[in-house]
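K.L.:
Could you have a look at this structure, given as C-alpha cells, before my questions?
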Amino acid sequence: MADKPNHRKLAMTLLTALFVFAGIVWLLYWLIWGRFEIYTDDAYVNGNIVQLMSQIPGSVIEINTDDTLLVTQGEPIIRLDPSDTDIALQRSQATLADTVRKVRQYFENVKSAQATVTLRHADLIKAQLDVQRRIGLVGKRAVSREEMQHYITAEKAASARYQTALHNLNSALAIVDNSDVYTHPLVERAKANLKTAYLNSQRTTILAPATGYVAKRSVQVGQRISINTSMLAIIPLNEVWVDANYKESQLDRIRIGQPVTLYADAYPDMTFHGKILGLSPGTGVSFALLPPQNATGNWIKIVQRVPVRIQLDLSELKKYPLLIGLSMRVTTHTYQMNGPRLTTISNRKQLYSTNVFNNQIKDANELIDTILKDNSPNLSLPRMPVTSSLRVQRSDLAVHSLQSPRLLRCARNDGVGALNDGGGARNDDVMKFFEGLT
C-alpha cells in the first residue's frame with residue numbers, strides 16, 4: 001500500500017517534467033523561429049485571365065480550341081466569315097489606285113497651267129509692244145486713232161487673258177502645293193481607308209494573344225458576334241501568384257522581399273517557395289462592390305484583412321502547376337526587416353505584352369507602296385513662298401497698266417517686258433493721248 005503513493009508521485013513528477021520540457025522546447029522554437037513566422041490559411045492562387053474578344057463584328061465559321069486545351073501565342077483560334085471584309089478591302093484598293101491617278105492628273109494640270117501662263121504672257125508682251133511702237137506715230141498721223149484704239153483694246157484683252165491664266169495656275173497650285181503624289185491629302189485619306197480595311201480583313205482570324213489554357217468558352221460556330229464580345233478566356237498558368245490575406249494586426253513585421261513558404265492542398269507533399277512582392281494599397285472590403293459604411297448605424301469593429309501578393313518560384317510551378325483559385329497555407333519568414341513596407345520605385349519595365357499584331361500594319365504599308373508604284377511615279381513641285389508669288393503678280397499688274405509713266409518704268413526695271421518708246425514720244429504726249437481716248 002505504501003508503494004502506490006510513491007508511484008503516483010513519480011508519475012506526477014514525470015508528467016510535470018514532460019510539460020516543462022515541452023514548454024522549454026516551444027520557448028526555444030519561438031525564440032529562434034516562431035516569432036519570425038506569420039501564418040495564414042486565408043490565401044488563394046490568382047493570375048491573369050485574358051478575355052478573348054473580337055475587334056470586328058462577324059459570323060463565326062471556325063473554332064480551333066476548347067476548354068482545358070493549351071494554346072500558344074499567335075495561334076489561330078477562331079475565324080470569322082471574311083466575305084464582307086474582303087469586298088471592303090478590294091474596294092479600298094481600287095479607291096486608292098483611282099485617287100493616285102486623279103492626283104497625278106492634278107500635277108499635270110499644273111504643268112499645263114504653267115504653259116498657258118507662258119503663252120498668255122508672251123501674247124501680252126506682244127500687245128504691249130504693238131501699242132508702244134504706235135504711240136509716237138499717232139501725233140504724226142501715221143496711225144489713225146481708230147487703229148490705235150484697236151491695239152489698246154487688244155492689249156487689255158491680252159492682259160485679261162494673262163490674269164485668267166495666272167488665276168488658273170494659282171488654283172491648280174492650291175490643290176497640289178507643298179505635297180507630292182504619294183503624300184497628297186486625298187491619297188493619305190485613301191491610304192488610311194485601305195489600312196482600316198486591311199486590318200479588318202486580318203482581324204477575321206482571331207489569334208491567341210498569350211500562351212495558356214482555354215476556359216469558359218461561350219462562342220459557337222455560326223454565332224453572330226459583335227465588337228467586344230467575350231468568346232473565351234486564356235489562363236497563362238506560368239504567370240500565377242498567391243494573394244495572402246493577412247490580418248491588419250499581422251502587417252507590422254511584413255516587408256517586401258521576405259521569403260515565404262507555401263503549402264497547397266492539391267500537393268500535400270510539396271512545399272512551395274516564394275517572396276513578398278507587395279502589399280495592396282487598401283483592405284479587401286475597400287474595393288468591394290458595396291463597401292461598408294462605418295459612419296452610419298450601429299458600428300461593430302471587424303478585423304480587416306489586406307491582400308499581400310507573393311511571387312512564386314517558376315521552376316516549382318513548371319513541375320507542380322497551380323490552378324487559379326486553389327487555397328494555400330502561407331508562412332512568411334520575417335527575420336529580414338530591411339525591406340520597405342510598400343514599393344518605393346516605379347517599375348518601368350514591360351510586364352505583359354503581345355506581338356501578334358505587330359506585322360499587320362507593316363503588311364498594310366507594303367500593300368500601299370505596291371499600289372502607289374503601280375499607278376503613278378511620285379511627282380512633286382518645287383515649293384514657292386507665298387510672298388514671292390504675290391510680288392510677281394504685283395509686278396505683272398504694273399506691266400499690264402499703261403496709264404502711268406512711273407508704272408512703265410517699274411515694268412522695265414522688273415525685266416518683265418522690254419518696252420520701246422517707238423517714235424520717241426515724251427511722257428506728257430502719252431498722257432495726253434490716253435486722256436483724249438477717255
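Quick note on naming: the chains in the C-alpha cells go A, B, ... in the order shown, residues restart at 1 in each chain, and ligands are numbered from 1 in order of appearance.
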Give me, as an MDAnalysis selection string, the residues of segment 138-358 of chain A that a backbone DSSP run labels strand (DSSP E or B).
P.N.:
chainID A and resid 180 205:207 212:215 224:225 230:235 241:247 259:264 267:279 305:312 327:333
K.L.:
Can you pull out every residue within 12 Å of segment 308-315 of chain A, counting only C-alpha atoms, but drop anything in the same chain fewer than 3 positions away, and send it as a count of residues only?
P.N.:
57
K.L.:
I'd like to know which of A:Pro76, A:Gln51, A:Ser83, A:Ala88 is closest to Tyr198 of chain A, using only C-alpha atoms.
P.N.:
A:Ala88
K.L.:
In Å, rounded to a single decimal, give me how far atom CA of Arg79 of chain A is from atom CA of Ser218 of chain A.
P.N.:
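Between atom CA of Ser218 of chain A and atom CA of Arg79 of chain A the gap works out to 14.8 Å.
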K.L.:
Enumerate the residues of segment 97-289 of chain A with a DSSP assignment of alpha helix (DSSP H), computed from the backbone, and present them as a PyMOL selection string.
P.N.:
chain A and resi 97-138+145-176+185-202
K.L.:
Rounded to one decimal place, report the atom CA of Leu129 of chain A-atom CA of Val117 of chain A distance in Å.
P.N.:
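According to the coordinates, atom CA of Leu129 of chain A and atom CA of Val117 of chain A are separated by 18.2 Å.
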K.L.:
Gln202 of chain A: which residues within 10 Å, counting only C-alpha atoms, same-chain residues fewer than 3 positions away excluded, as a PyMOL selection string?
P.N.:
chain A and resi 82+85-86+196-199+205-207+357+360-361+364
K.L.:
Have a look at A:Val20, A:Gln223, A:Phe107, A:Ile371 and name the one nearest to Asn178 of chain A; count only C-alpha atoms.
P.N.:
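Ranked by minimum distance to Asn178 of chain A, first place goes to A:Phe107.
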K.L.:
Show me, as a list of chain:residue names, the residues that have an atom within 12 Å of Val71 of chain A when counting only C-alpha atoms, minus same-chain residues fewer than 6 positions from it.
P.N.:
A:Asn64, A:Thr65, A:Ile77, A:Ile78, A:Leu207, A:Ala208, A:Pro209, A:Ala210, A:Thr211, A:Gly212, A:Tyr213, A:Val214, A:Ala215, A:Leu232, A:Ala233, A:Ile234, A:Ile235, A:Pro236, A:Leu237
K.L.:
Write the residues of the preceding selection, restricted to C-alpha atoms, as a PDB file, in the first residue's frame.
P.N.:
ATOM      1  CA  ASN A  64      -9.892  25.576 -83.251  1.00  0.00           C
ATOM      2  CA  THR A  65      -9.832  25.132 -79.468  1.00  0.00           C
ATOM      3  CA  ILE A  77      -8.200  30.174 -82.564  1.00  0.00           C
ATOM      4  CA  ILE A  78     -11.371  31.484 -84.212  1.00  0.00           C
ATOM      5  CA  LEU A 207      -5.148  34.866 -82.782  1.00  0.00           C
ATOM      6  CA  ALA A 208      -4.233  33.844 -79.245  1.00  0.00           C
ATOM      7  CA  PRO A 209      -2.659  36.910 -77.593  1.00  0.00           C
ATOM      8  CA  ALA A 210      -0.878  34.776 -74.978  1.00  0.00           C
ATOM      9  CA  THR A 211       0.111  31.193 -74.227  1.00  0.00           C
ATOM     10  CA  GLY A 212      -2.199  29.485 -71.771  1.00  0.00           C
ATOM     11  CA  TYR A 213      -5.133  27.182 -71.167  1.00  0.00           C
ATOM     12  CA  VAL A 214      -8.629  27.837 -72.501  1.00  0.00           C
ATOM     13  CA  ALA A 215     -11.523  28.282 -70.094  1.00  0.00           C
ATOM     14  CA  LEU A 232     -13.408  32.589 -74.175  1.00  0.00           C
ATOM     15  CA  ALA A 233     -10.682  33.103 -71.593  1.00  0.00           C
ATOM     16  CA  ILE A 234      -6.996  32.175 -71.746  1.00  0.00           C
ATOM     17  CA  ILE A 235      -5.209  31.460 -68.458  1.00  0.00           C
ATOM     18  CA  PRO A 236      -1.372  31.693 -68.529  1.00  0.00           C
ATOM     19  CA  LEU A 237      -0.550  29.363 -65.637  1.00  0.00           C
TER      20      LEU A 237
END
K.L.:
Identify which of the residues A:Ala113, A:Thr183, A:Met231, A:Lys191 lies closest to His167 of chain A, counting only C-alpha atoms when measuring atom-to-atom distances.
P.N.:
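When distances to His167 of chain A are compared using only C-alpha atoms, the smallest one comes from A:Ala113.
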K.L.:
Interatomic distance between atom CA of Leu323 of chain A and atom CA of Val221 of chain A?
P.N.:
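Between atom CA of Leu323 of chain A and atom CA of Val221 of chain A the gap works out to 28.5 Å.
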K.L.:
Given only C-alpha atoms as the basis, pick out the residue of A:Asn375, A:Asn347, A:Asn355, A:Thr164 nearest to Glu75 of chain A.
P.N.:
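For Glu75 of chain A, the nearest of the given residues is A:Asn355.
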